[in-house]
>>> print(open('my_file.txt').read())   # compact mmCIF, C-alpha atoms and all ligand atoms
# COMPACT_ATOMS: atom_id res chain seq x y z
CA MET Y 49 1.79 31.62 8.32
CA LYS Y 50 5.51 31.19 8.30
CA ILE Y 51 7.03 29.11 10.99
CA MET Y 52 10.73 29.01 11.41
CA GLY Y 53 12.96 26.22 10.31
CA LYS Y 54 16.03 25.27 12.29
CA ALA Y 55 18.21 28.18 11.17
CA THR Y 56 15.66 30.86 11.90
CA LYS Y 57 14.69 29.11 15.10
CA PHE Y 58 18.29 29.48 16.21
CA ALA Y 59 18.17 33.12 15.21
CA ALA Y 60 14.99 33.54 17.22
CA VAL Y 61 16.54 31.92 20.26
CA THR Y 62 19.56 34.19 19.89
CA ALA Y 63 17.27 37.16 19.53
CA ILE Y 64 15.40 36.17 22.68
CA ALA Y 65 18.69 35.83 24.54
CA ALA Y 66 19.74 39.24 23.26
CA LEU Y 67 16.41 40.71 24.29
CA ALA Y 68 16.80 39.22 27.74
CA LEU Y 69 20.26 40.79 28.05
CA THR Y 70 19.21 44.21 26.92
CA GLY Y 71 15.88 44.11 28.73
CA CYS Y 72 14.10 44.86 25.49
CA GLY Y 73 11.79 41.87 25.58
CA ARG Y 74 8.88 44.13 26.34
CA GLN Y 75 6.60 45.84 23.92
CA ASP Y 76 5.78 49.31 25.02
CA ALA Y 77 2.00 49.27 25.27
CA ASN Y 78 1.91 53.07 25.13
CA THR Y 79 3.88 53.58 21.93
CA ASP Y 80 2.37 50.49 20.38
CA ALA Y 81 -1.09 51.60 21.34
CA ALA Y 82 -0.54 55.04 19.89
CA ALA Y 83 0.72 53.51 16.69
CA ASP Y 84 -2.19 51.15 16.24
CA SER Y 85 -4.94 52.81 18.25
CA SER Y 86 -5.02 50.19 21.03
CA ALA Y 87 -6.24 51.21 24.45
CA ALA Y 88 -3.33 52.04 26.76
CA GLY Y 89 -4.83 52.00 30.20
CA PHE Y 90 -8.59 51.74 30.82
CA ASP Y 91 -11.11 51.46 33.63
CA GLU Y 92 -10.56 48.77 36.23
CA GLY Y 93 -14.00 47.20 35.92
CA ALA Y 94 -13.90 47.09 32.10
CA THR Y 95 -15.55 44.40 30.01
CA ILE Y 96 -13.08 41.87 28.60
CA GLY Y 97 -14.29 39.70 25.74
CA VAL Y 98 -13.08 36.13 25.32
CA ALA Y 99 -14.16 34.46 22.07
CA LEU Y 100 -13.52 30.73 22.27
CA PRO Y 101 -13.91 28.26 19.36
CA GLN Y 102 -15.84 24.98 19.52
CA LYS Y 103 -15.56 22.51 22.38
CA THR Y 104 -13.24 20.25 20.39
CA SER Y 105 -11.13 19.28 23.41
CA GLU Y 106 -11.19 19.58 27.20
CA ASN Y 107 -8.68 22.45 27.27
CA TRP Y 108 -11.25 24.85 25.81
CA VAL Y 109 -13.87 23.97 28.42
CA LEU Y 110 -11.29 24.48 31.14
CA ALA Y 111 -10.32 27.82 29.60
CA GLU Y 112 -13.92 29.03 29.73
CA ASN Y 113 -14.18 28.39 33.48
CA LEU Y 114 -10.76 29.82 34.21
CA PHE Y 115 -11.28 33.02 32.19
CA ASN Y 116 -14.57 33.67 33.99
CA LYS Y 117 -13.01 33.08 37.40
CA ASP Y 118 -9.62 34.79 36.91
CA LEU Y 119 -11.01 37.87 35.12
CA LYS Y 120 -13.68 38.32 37.78
CA GLU Y 121 -11.09 37.99 40.54
CA ALA Y 122 -8.99 40.66 38.83
CA GLY Y 123 -11.99 43.02 38.93
CA PHE Y 124 -13.01 42.83 35.25
CA LYS Y 125 -16.37 42.00 33.67
CA PRO Y 126 -15.72 38.85 31.63
CA ASP Y 127 -17.79 38.10 28.54
CA VAL Y 128 -16.71 34.57 27.61
CA GLN Y 129 -18.40 32.94 24.61
CA PHE Y 130 -18.14 29.63 22.78
CA ALA Y 131 -18.97 29.48 19.07
CA ASN Y 132 -20.21 25.92 18.73
CA GLY Y 133 -22.34 26.99 15.77
CA GLY Y 134 -19.28 27.89 13.68
CA VAL Y 135 -17.47 30.87 12.18
CA ALA Y 136 -20.54 33.13 11.65
CA GLU Y 137 -21.46 32.72 15.30
CA GLN Y 138 -17.94 33.69 16.37
CA GLN Y 139 -18.06 36.76 14.11
CA ASN Y 140 -21.36 37.83 15.71
CA GLN Y 141 -19.98 37.28 19.19
CA ILE Y 142 -17.00 39.54 18.52
CA ASN Y 143 -19.33 42.21 17.12
CA ALA Y 144 -21.40 41.98 20.30
CA MET Y 145 -18.26 42.34 22.44
CA ILE Y 146 -17.42 45.55 20.55
CA THR Y 147 -20.92 46.86 21.21
CA LYS Y 148 -20.50 46.08 24.91
CA GLY Y 149 -17.35 48.25 24.89
CA ALA Y 150 -14.82 45.46 25.54
CA LYS Y 151 -11.36 46.96 26.08
CA VAL Y 152 -9.53 43.73 25.30
CA ILE Y 153 -10.79 40.90 23.12
CA VAL Y 154 -9.05 37.56 23.56
CA VAL Y 155 -9.66 35.31 20.56
CA GLY Y 156 -9.27 31.55 20.20
CA ALA Y 157 -10.37 31.41 16.57
CA ILE Y 158 -12.22 28.58 14.88
CA ASP Y 159 -10.74 29.80 11.62
CA GLY Y 160 -7.98 32.36 12.08
CA LYS Y 161 -8.47 33.71 8.55
CA GLN Y 162 -12.16 34.58 8.84
CA LEU Y 163 -12.28 37.31 11.46
CA GLY Y 164 -10.60 40.20 9.60
CA ASN Y 165 -13.63 42.53 9.46
CA GLN Y 166 -14.57 42.01 13.09
CA LEU Y 167 -11.00 42.53 14.31
CA LYS Y 168 -10.71 45.72 12.26
CA ALA Y 169 -13.92 47.04 13.83
CA ALA Y 170 -12.68 46.05 17.29
CA LYS Y 171 -9.43 47.95 16.80
CA GLU Y 172 -11.31 50.97 15.49
CA ALA Y 173 -13.39 50.89 18.67
CA GLY Y 174 -10.15 51.01 20.69
CA ALA Y 175 -9.86 47.39 21.83
CA THR Y 176 -6.60 45.47 22.07
CA ILE Y 177 -6.66 42.04 20.41
CA ILE Y 178 -4.86 39.06 21.90
CA ALA Y 179 -4.76 35.85 19.86
CA TYR Y 180 -5.10 33.01 22.35
CA ASP Y 181 -3.64 29.54 21.62
CA ARG Y 182 -4.32 29.89 17.86
CA LEU Y 183 -2.84 32.69 15.76
CA LEU Y 184 -5.09 35.12 13.84
CA LEU Y 185 -4.00 35.13 10.21
CA ASN Y 186 -3.86 37.65 7.34
CA THR Y 187 -4.81 40.63 9.48
CA PRO Y 188 -2.89 43.62 10.84
CA ASP Y 189 -5.46 43.84 13.64
CA VAL Y 190 -3.91 41.54 16.20
CA ASP Y 191 -1.64 42.97 18.88
CA TYR Y 192 -0.29 39.94 20.76
CA TYR Y 193 -0.21 36.17 20.66
CA VAL Y 194 -0.15 33.97 23.75
CA ALA Y 195 0.22 30.20 23.41
CA TYR Y 196 2.26 27.12 24.14
CA ASP Y 197 5.06 26.79 21.59
CA ASN Y 198 3.15 24.91 18.87
CA PHE Y 199 6.15 23.96 16.74
CA LYS Y 200 7.79 22.49 19.84
CA VAL Y 201 4.58 20.53 20.57
CA GLY Y 202 4.92 18.91 17.14
CA GLN Y 203 8.60 18.16 17.64
CA LEU Y 204 7.89 16.52 20.99
CA GLN Y 205 5.15 14.40 19.37
CA GLY Y 206 7.48 13.29 16.59
CA GLN Y 207 10.22 12.40 19.06
CA ALA Y 208 7.77 10.50 21.29
CA LEU Y 209 6.62 8.45 18.31
CA LEU Y 210 10.22 7.53 17.49
CA ASP Y 211 11.08 6.74 21.11
CA GLY Y 212 7.96 4.62 21.58
CA LEU Y 213 8.66 2.61 18.42
CA LYS Y 214 12.22 1.88 19.51
CA GLU Y 215 11.10 1.00 23.02
CA LYS Y 216 8.19 -1.28 22.11
CA LYS Y 217 8.23 -2.38 18.50
CA GLY Y 218 11.59 -4.07 18.02
CA LYS Y 219 13.89 -3.21 15.15
CA ALA Y 220 13.22 -0.75 12.31
CA PRO Y 221 11.73 -0.31 9.77
CA TYR Y 222 8.39 0.65 11.30
CA ASN Y 223 5.06 1.16 9.52
CA ILE Y 224 3.45 4.42 10.57
CA GLU Y 225 0.51 6.65 9.62
CA LEU Y 226 0.19 10.41 10.04
CA PHE Y 227 -2.79 12.39 11.32
CA ALA Y 228 -3.12 16.17 11.49
CA GLY Y 229 -5.69 18.52 13.02
CA SER Y 230 -8.33 20.67 11.35
CA PRO Y 231 -6.98 22.69 8.42
CA ASP Y 232 -8.89 25.87 9.41
CA ASP Y 233 -7.08 25.93 12.79
CA ALA Y 234 -3.80 27.82 12.37
CA ASN Y 235 -2.13 25.46 14.85
CA ALA Y 236 -2.75 22.27 12.90
CA LYS Y 237 -0.09 22.86 10.24
CA VAL Y 238 2.42 24.07 12.83
CA PHE Y 239 1.98 20.90 14.92
CA PHE Y 240 2.39 18.80 11.76
CA ASP Y 241 5.47 20.71 10.58
CA GLY Y 242 7.06 20.38 14.02
CA ALA Y 243 6.49 16.62 14.00
CA MET Y 244 7.78 16.27 10.44
CA ASP Y 245 10.89 18.21 11.42
CA VAL Y 246 11.76 15.12 13.50
CA LEU Y 247 10.12 12.37 11.42
CA LYS Y 248 11.07 13.34 7.86
CA PRO Y 249 14.78 12.45 8.16
CA LYS Y 250 13.70 9.04 9.50
CA ILE Y 251 11.25 8.57 6.65
CA ASP Y 252 13.98 9.55 4.19
CA ASP Y 253 16.51 7.07 5.65
CA GLY Y 254 13.97 4.22 5.65
CA THR Y 255 13.59 3.86 9.43
CA LEU Y 256 9.93 4.85 9.08
CA LYS Y 257 7.54 3.86 6.29
CA VAL Y 258 4.29 5.72 5.82
CA ALA Y 259 2.72 2.61 4.36
CA SER Y 260 -0.35 4.37 2.90
CA GLY Y 261 1.90 6.90 1.15
CA GLN Y 262 -0.18 9.72 2.70
CA LYS Y 263 2.64 11.93 3.93
CA LYS Y 264 1.28 15.38 3.17
CA PHE Y 265 -0.58 17.66 5.57
CA ASP Y 266 -3.56 17.89 3.20
CA GLN Y 267 -3.86 14.10 3.17
CA ALA Y 268 -3.54 13.81 6.94
CA VAL Y 269 -6.00 16.50 8.10
CA THR Y 270 -9.02 15.85 10.33
CA GLN Y 271 -11.82 18.29 9.56
CA GLY Y 272 -13.17 20.04 12.67
CA TRP Y 273 -10.82 18.06 14.93
CA LYS Y 274 -13.67 15.51 15.00
CA ALA Y 275 -13.04 12.06 16.47
CA GLU Y 276 -15.47 10.45 14.02
CA ASN Y 277 -13.47 11.80 11.05
CA ALA Y 278 -10.19 10.43 12.39
CA GLN Y 279 -11.80 7.08 13.18
CA LYS Y 280 -13.25 6.83 9.67
CA ARG Y 281 -9.90 7.63 8.05
CA MET Y 282 -8.12 5.09 10.27
CA ASP Y 283 -10.74 2.43 9.38
CA THR Y 284 -10.12 3.13 5.70
CA LEU Y 285 -6.34 3.03 6.13
CA LEU Y 286 -6.52 -0.29 7.96
CA THR Y 287 -8.73 -1.89 5.32
CA GLY Y 288 -6.75 -0.51 2.39
CA THR Y 289 -3.16 -0.63 3.61
CA TYR Y 290 -3.01 -3.19 6.42
CA PRO Y 291 -4.84 -6.33 5.24
CA GLY Y 292 -4.51 -9.64 7.08
CA SER Y 293 -1.71 -9.71 9.62
CA LYS Y 294 0.09 -6.58 8.37
CA LYS Y 295 0.85 -4.35 11.35
CA VAL Y 296 0.72 -0.62 11.84
CA ASP Y 297 3.45 0.12 14.39
CA GLY Y 298 2.81 3.77 15.09
CA VAL Y 299 0.43 6.66 14.49
CA LEU Y 300 1.21 10.36 14.79
CA SER Y 301 -1.91 11.87 16.32
CA PRO Y 302 -2.01 15.62 16.99
CA ASN Y 303 -4.22 15.43 20.09
CA ASP Y 304 -5.82 13.11 22.61
CA THR Y 305 -9.35 13.14 21.17
CA LEU Y 306 -8.01 11.90 17.84
CA ALA Y 307 -5.57 9.48 19.52
CA ARG Y 308 -8.46 7.71 21.24
CA ALA Y 309 -10.39 7.60 17.94
CA VAL Y 310 -7.40 5.97 16.22
CA LEU Y 311 -7.04 3.45 19.06
CA THR Y 312 -10.75 2.60 18.88
CA SER Y 313 -10.42 1.91 15.17
CA VAL Y 314 -7.35 -0.31 15.61
CA LYS Y 315 -9.04 -2.26 18.40
CA ALA Y 316 -12.17 -2.82 16.32
CA ALA Y 317 -9.99 -4.20 13.54
CA GLY Y 318 -8.43 -6.64 16.03
CA LYS Y 319 -4.91 -5.28 15.51
CA GLU Y 320 -2.08 -4.95 18.02
CA THR Y 321 -1.97 -1.53 19.76
CA PRO Y 322 0.36 0.84 17.90
CA ILE Y 323 2.40 3.66 19.47
CA VAL Y 324 -0.01 6.61 19.38
CA THR Y 325 0.87 10.18 20.36
CA GLY Y 326 -1.48 12.86 21.67
CA GLN Y 327 -1.84 16.29 23.22
CA ASP Y 328 -3.91 18.09 25.90
CA SER Y 329 -3.67 15.73 28.88
CA GLU Y 330 -7.32 14.76 28.65
CA VAL Y 331 -8.51 12.63 31.56
CA GLU Y 332 -9.34 9.52 29.47
CA SER Y 333 -6.01 9.69 27.66
CA VAL Y 334 -4.00 10.10 30.84
CA LYS Y 335 -5.76 7.00 32.22
CA SER Y 336 -4.99 5.19 28.96
CA ILE Y 337 -1.30 6.15 29.20
CA MET Y 338 -1.18 4.77 32.73
CA LYS Y 339 -2.63 1.49 31.40
CA GLY Y 340 0.04 1.41 28.67
CA VAL Y 341 -2.40 1.89 25.76
CA GLN Y 342 -1.96 5.47 24.41
CA TYR Y 343 1.78 6.17 24.39
CA SER Y 344 2.11 9.91 25.02
CA THR Y 345 0.35 13.21 25.49
CA ILE Y 346 1.46 16.82 25.90
CA ASN Y 347 1.08 18.77 29.10
CA LYS Y 348 -0.01 22.31 28.24
CA ASP Y 349 -1.44 23.46 31.54
CA THR Y 350 -4.46 25.60 30.64
CA ARG Y 351 -4.31 27.27 34.06
CA ALA Y 352 -0.89 28.74 33.27
CA LEU Y 353 -1.97 29.93 29.82
CA VAL Y 354 -5.11 31.64 31.10
CA GLU Y 355 -3.22 33.08 34.06
CA HIS Y 356 -0.65 34.64 31.73
CA THR Y 357 -3.36 36.01 29.45
CA VAL Y 358 -5.07 37.64 32.42
CA THR Y 359 -1.71 39.15 33.45
CA MET Y 360 -1.49 40.66 29.97
CA VAL Y 361 -4.99 42.12 30.37
CA LYS Y 362 -4.03 43.59 33.77
CA ASP Y 363 -0.88 45.14 32.28
CA LEU Y 364 -2.92 46.65 29.46
CA GLN Y 365 -5.42 48.02 31.98
CA GLN Y 366 -2.57 49.76 33.80
CA GLY Y 367 -0.98 50.98 30.58
CA LYS Y 368 2.12 48.91 31.35
CA GLU Y 369 4.55 47.31 28.93
CA LEU Y 370 3.65 43.76 28.00
CA GLU Y 371 6.19 41.01 28.35
CA VAL Y 372 6.83 39.00 25.18
CA ASN Y 373 9.50 36.38 24.58
CA ASP Y 374 9.28 35.83 20.82
CA THR Y 375 9.20 38.61 18.27
CA GLU Y 376 10.28 36.59 15.24
CA SER Y 377 8.37 33.36 14.75
CA TYR Y 378 4.72 34.18 14.28
CA ASP Y 379 4.33 35.91 10.95
CA ASN Y 380 0.59 35.90 10.29
CA GLY Y 381 0.91 36.82 6.62
CA VAL Y 382 0.69 40.56 7.27
CA LYS Y 383 2.84 41.15 10.35
CA THR Y 384 4.99 39.34 12.86
CA VAL Y 385 2.89 39.14 15.97
CA PRO Y 386 4.77 39.63 19.27
CA ALA Y 387 4.25 36.46 21.23
CA TYR Y 388 4.52 35.11 24.72
CA LEU Y 389 5.17 31.38 24.39
CA LEU Y 390 4.97 28.85 27.18
CA LYS Y 391 6.88 25.58 27.17
CA PRO Y 392 4.99 22.34 26.49
CA GLN Y 393 6.03 19.09 28.19
CA ILE Y 394 5.91 15.55 26.79
CA VAL Y 395 4.21 13.01 29.05
CA THR Y 396 4.53 9.22 28.83
CA LYS Y 397 3.96 6.49 31.40
CA ALA Y 398 7.52 7.16 32.61
CA ASN Y 399 6.84 10.69 33.92
CA VAL Y 400 3.07 10.78 34.28
CA LYS Y 401 3.15 11.12 38.08
CA GLU Y 402 5.64 14.02 38.23
CA ALA Y 403 3.99 15.80 35.31
CA TYR Y 404 0.63 16.26 37.03
CA VAL Y 405 1.69 16.41 40.65
CA ASN Y 406 0.25 19.95 41.00
CA ASP Y 407 -2.80 19.42 38.76
CA PRO Y 408 -6.04 19.46 40.76
CA VAL Y 409 -7.78 16.98 38.44
CA LEU Y 410 -4.95 14.83 37.09
CA GLY Y 411 -2.86 14.81 40.27
CA PRO Y 412 -5.25 12.59 42.24
CA ILE Y 413 -5.78 10.25 39.22
CA THR Y 414 -2.07 9.68 38.63
CA LYS Y 415 -0.94 9.40 42.25
C1 LIG Y 501 -5.16 23.38 20.43
C2 LIG Y 501 -5.03 21.94 20.85
C3 LIG Y 501 -6.35 21.21 20.70
C4 LIG Y 501 -7.00 21.49 19.35
C5 LIG Y 501 -8.40 20.93 19.24
C6 LIG Y 501 -5.73 23.40 19.05
O1 LIG Y 501 -5.75 24.65 18.52
O2 LIG Y 501 -3.89 24.01 20.48
O3 LIG Y 501 -4.59 21.88 22.18
O4 LIG Y 501 -6.16 19.85 20.80
O5 LIG Y 501 -7.04 22.86 19.12
O6 LIG Y 501 -9.26 21.48 20.17
>>> encode(input="my_file.txt", output="structure tokens", more="lines below")
Ligand code: BGC
Amino acid sequence: MKIMGKATKFAAVTAIAALALTGCGRQDANTDAAADSSAAGFDEGATIGVALPQKTSENWVLAENLFNKDLKEAGFKPDVQFANGGVAEQQNQINAMITKGAKVIVVGAIDGKQLGNQLKAAKEAGATIIAYDRLLLNTPDVDYYVAYDNFKVGQLQGQALLDGLKEKKGKAPYNIELFAGSPDDANAKVFFDGAMDVLKPKIDDGTLKVASGQKKFDQAVTQGWKAENAQKRMDTLLTGTYPGSKKVDGVLSPNDTLARAVLTSVKAAGKETPIVTGQDSEVESVKSIMKGVQYSTINKDTRALVEHTVTMVKDLQQGKELEVNDTESYDNGVKTVPAYLLKPQIVTKANVKEAYVNDPVLGPITK
């Protein structure tokens, strides 16, 4: 997948502005559908498939409940499935959705490269495919992408790490370590690249030192987004790179589950708490931020993402044009997938109350 650098990002922003001016930010579902055999308009009570990955973070569990509720309320028959058993299970679930006659299949892929055959069959059966949160790669058979802006998430994480270091760890240089998500998840590299967009100039000018030398995505990945894998790698880094009283000042962590794993490892080693970033606004991490332990998280309200996805499904049902706001950034290797991107928000102790004021779970906790 190609994700824009600064220059193309500017071009994309300009393009979005131009689209807004000309009112062309909509993809015509009818012409598009005719071109790629998607359904343009279908029965109100149709089955809508939602293929979710593994329960690697709270946002996915929330999404399951919300898709069931919102799709039902909109008059559809939801078929929402988790694939905790892995890729083969997700492939089978999509096949089953085709058999049930699903008119739209929303896919949060475990591995965005492994669903090509199923997506092709789904398109042939007349379904529209929406990639949800994670892009589907190397396939022409994906119609839309809906997600929080992943590159922006990474940039916000990188900036939070820098800000936290300056705020709490005295003068530069700072020792840091880098963690990335699971390499089969299309988002993981985008988060990392976004963060490195901010951090690399500071590594190059000596403000930041990746003391282990492990600066590359491949060295930083956490298979399966599993806490135990991040904790093990952090244990190894601490033993190998931070003997005695040597301090690790900051850790780039791509999400909250891994942030807590890193913090557990540091605590067990008896080291001072580093600045650790996160993502997902998980309950335990938000509590930790309020206590001043984890430094930051990202607010990507799952309710808004599911709500927008269900709006897309409703528009498809009515044969309406779908609203997209990015037609340049998400090249999946075969095509540029029209995307609707929502804006992520950085959360630290400083804005934790405002950030979740309308959140039914986090609002009462952060009051
Ligand atoms: C999501 C993140 C999440 C991760 C692990 C990613 O694709 O965008 O929000 O932390 O999966 O579940």
>>> residues_around(input="my_file.txt", residues="Thr270 of chain Y", least_positions_apart="6", cutoff="6 Å", atoms="only C-alpha atoms", output="ChimeraX atom specification")
/Y:229-230,278
>>> closest_residue(input="my_file.txt", among="Y:Ala307, Y:Leu247, Y:Val385, Y:Ile337", to="ligand LIG 501 (chain Y)", atoms="only C-alpha atoms and all ligand atoms")
Y:Ala307
>>> residues_near_point(input="my_file.txt", point="(-2.5, -0.7, 17.3)", cutoff="9 Å", atoms="only C-alpha atoms", output="list in words")
Lys295, Val296, Asp297, Gly298, Val299, Val310, Leu311, Ser313, Val314, Lys315, Gly318, Lys319, Glu320, Thr321, Pro322, Ile323, Val324 and Val341 of chain Y
>>> axis_aligned_box(input="my_file.txt", around="segment 99-106 of chain Y", padding_each_side="6 Å", output="AutoDock Vina command-line options")
--center_x -13.5 --center_y 26.9 --center_z 23.3 --size_x 16.7 --size_y 27.2 --size_z 19.8
>>> closest_residue(input="my_file.txt", among="Y:Tyr180, Y:Tyr388, Y:Phe124, Y:Tyr222", to="ligand LIG 501 (chain Y)", atoms="only C-alpha atoms and all ligand atoms")
Y:Tyr180
>>> closest_residue(input="my_file.txt", among="Y:Arg182, Y:Lys250, Y:Lys148, Y:Lys280", to="ligand LIG 501 (chain Y)", atoms="all atoms listed in the file")
Y:Arg182
>>> closest_residue(input="my_file.txt", among="Y:Gly123, Y:Gly326, Y:Gly411, Y:Gly340", to="Lys362 of chain Y", atoms="only C-alpha atoms")
Y:Gly123
>>> closest_residue(input="my_file.txt", among="Y:Pro291, Y:Pro101, Y:Gly242, Y:Gly367", to="ligand LIG 501 (chain Y)", atoms="only C-alpha atoms and all ligand atoms")
Y:Pro101
>>> atom_distance(input="my_file.txt", atom1="atom CA of Ala316 of chain Y", atom2="atom CA of Asn399 of chain Y")
29.2 Å
>>> closest_residue(input="my_file.txt", among="Y:Asn132, Y:Thr359, Y:Ser336, Y:Thr325", to="Ile413 of chain Y", atoms="only C-alpha atoms")
Y:Ser336
>>> atom_distance(input="my_file.txt", atom1="atom C6 of ligand LIG 501 (chain Y)", atom2="atom CA of Asn235 of chain Y")
5.9 Å
>>> atom_distance(input="my_file.txt", atom1="atom CA of Lys248 of chain Y", atom2="atom CA of Leu183 of chain Y")
25.1 Å
>>> residues_around(input="my_file.txt", residues="Asn113 of chain Y", least_positions_apart="3", cutoff="10 Å", atoms="all atoms listed in the file", output="tab-separated table (two decimals) with C-alpha atoms, keeping the file's coordinate frame")
chain	number	residue	atom	x	y	z
Y	108	TRP	CA	-11.25	24.85	25.81
Y	109	VAL	CA	-13.87	23.97	28.42
Y	110	LEU	CA	-11.29	24.48	31.14
Y	116	ASN	CA	-14.57	33.67	33.99
Y	117	LYS	CA	-13.01	33.08	37.40
Y	118	ASP	CA	-9.62	34.79	36.91
Y	128	VAL	CA	-16.71	34.57	27.61
Y	351	ARG	CA	-4.31	27.27	34.06
Y	354	VAL	CA	-5.11	31.64	31.10
>>> residues_around(input="my_file.txt", residues="Asp159 of chain Y", least_positions_apart="6", cutoff="7 Å", atoms="only C-alpha atoms", output="MDAnalysis selection string")
chainID Y and resid 135 232:233
>>> residues_around(input="my_file.txt", residues="Leu353 of chain Y", least_positions_apart="3", cutoff="8 Å", atoms="all atoms listed in the file", output="list in words")
Val194, Ala195, Tyr196, Asp349, Thr350, His356, Thr357 and Leu390 of chain Y
>>> build_atoms(input="my_file.txt", residues="segment 260-274 of chain Y", atoms="N, CA and C atoms", output="PDB file, in the frame of the given file")
ATOM      1  N   SER Y 260       0.725   3.924   3.800  1.00  0.00           N
ATOM      2  CA  SER Y 260      -0.350   4.370   2.900  1.00  0.00           C
ATOM      3  C   SER Y 260       0.172   5.323   1.830  1.00  0.00           C
ATOM      4  N   GLY Y 261       1.356   5.881   2.065  1.00  0.00           N
ATOM      5  CA  GLY Y 261       1.900   6.900   1.150  1.00  0.00           C
ATOM      6  C   GLY Y 261       1.353   8.287   1.428  1.00  0.00           C
ATOM      7  N   GLN Y 262       0.459   8.410   2.428  1.00  0.00           N
ATOM      8  CA  GLN Y 262      -0.180   9.720   2.700  1.00  0.00           C
ATOM      9  C   GLN Y 262       0.674  10.527   3.678  1.00  0.00           C
ATOM     10  N   LYS Y 263       1.651  11.230   3.092  1.00  0.00           N
ATOM     11  CA  LYS Y 263       2.640  11.930   3.930  1.00  0.00           C
ATOM     12  C   LYS Y 263       2.376  13.425   4.031  1.00  0.00           C
ATOM     13  N   LYS Y 264       1.462  13.919   3.199  1.00  0.00           N
ATOM     14  CA  LYS Y 264       1.280  15.380   3.170  1.00  0.00           C
ATOM     15  C   LYS Y 264       0.212  15.832   4.158  1.00  0.00           C
ATOM     16  N   PHE Y 265       0.383  17.067   4.624  1.00  0.00           N
ATOM     17  CA  PHE Y 265      -0.580  17.660   5.570  1.00  0.00           C
ATOM     18  C   PHE Y 265      -2.010  17.537   5.051  1.00  0.00           C
ATOM     19  N   ASP Y 266      -2.200  17.909   3.766  1.00  0.00           N
ATOM     20  CA  ASP Y 266      -3.560  17.890   3.200  1.00  0.00           C
ATOM     21  C   ASP Y 266      -4.191  16.497   3.220  1.00  0.00           C
ATOM     22  N   GLN Y 267      -3.330  15.475   3.162  1.00  0.00           N
ATOM     23  CA  GLN Y 267      -3.860  14.100   3.170  1.00  0.00           C
ATOM     24  C   GLN Y 267      -4.124  13.618   4.597  1.00  0.00           C
ATOM     25  N   ALA Y 268      -3.489  14.292   5.553  1.00  0.00           N
ATOM     26  CA  ALA Y 268      -3.540  13.810   6.940  1.00  0.00           C
ATOM     27  C   ALA Y 268      -4.572  14.546   7.800  1.00  0.00           C
ATOM     28  N   VAL Y 269      -5.155  15.638   7.264  1.00  0.00           N
ATOM     29  CA  VAL Y 269      -6.000  16.500   8.100  1.00  0.00           C
ATOM     30  C   VAL Y 269      -7.283  15.816   8.601  1.00  0.00           C
ATOM     31  N   THR Y 270      -7.780  16.348   9.720  1.00  0.00           N
ATOM     32  CA  THR Y 270      -9.020  15.850  10.330  1.00  0.00           C
ATOM     33  C   THR Y 270      -9.960  17.037  10.486  1.00  0.00           C
ATOM     34  N   GLN Y 271     -10.911  17.147   9.582  1.00  0.00           N
ATOM     35  CA  GLN Y 271     -11.820  18.290   9.560  1.00  0.00           C
ATOM     36  C   GLN Y 271     -12.505  18.468  10.916  1.00  0.00           C
ATOM     37  N   GLY Y 272     -12.469  19.712  11.417  1.00  0.00           N
ATOM     38  CA  GLY Y 272     -13.170  20.040  12.670  1.00  0.00           C
ATOM     39  C   GLY Y 272     -12.595  19.377  13.909  1.00  0.00           C
ATOM     40  N   TRP Y 273     -11.418  18.792  13.804  1.00  0.00           N
ATOM     41  CA  TRP Y 273     -10.820  18.060  14.930  1.00  0.00           C
ATOM     42  C   TRP Y 273     -11.791  16.991  15.439  1.00  0.00           C
ATOM     43  N   LYS Y 274     -12.612  16.418  14.541  1.00  0.00           N
ATOM     44  CA  LYS Y 274     -13.670  15.510  15.000  1.00  0.00           C
ATOM     45  C   LYS Y 274     -13.177  14.067  15.088  1.00  0.00           C
TER      46      LYS Y 274
END
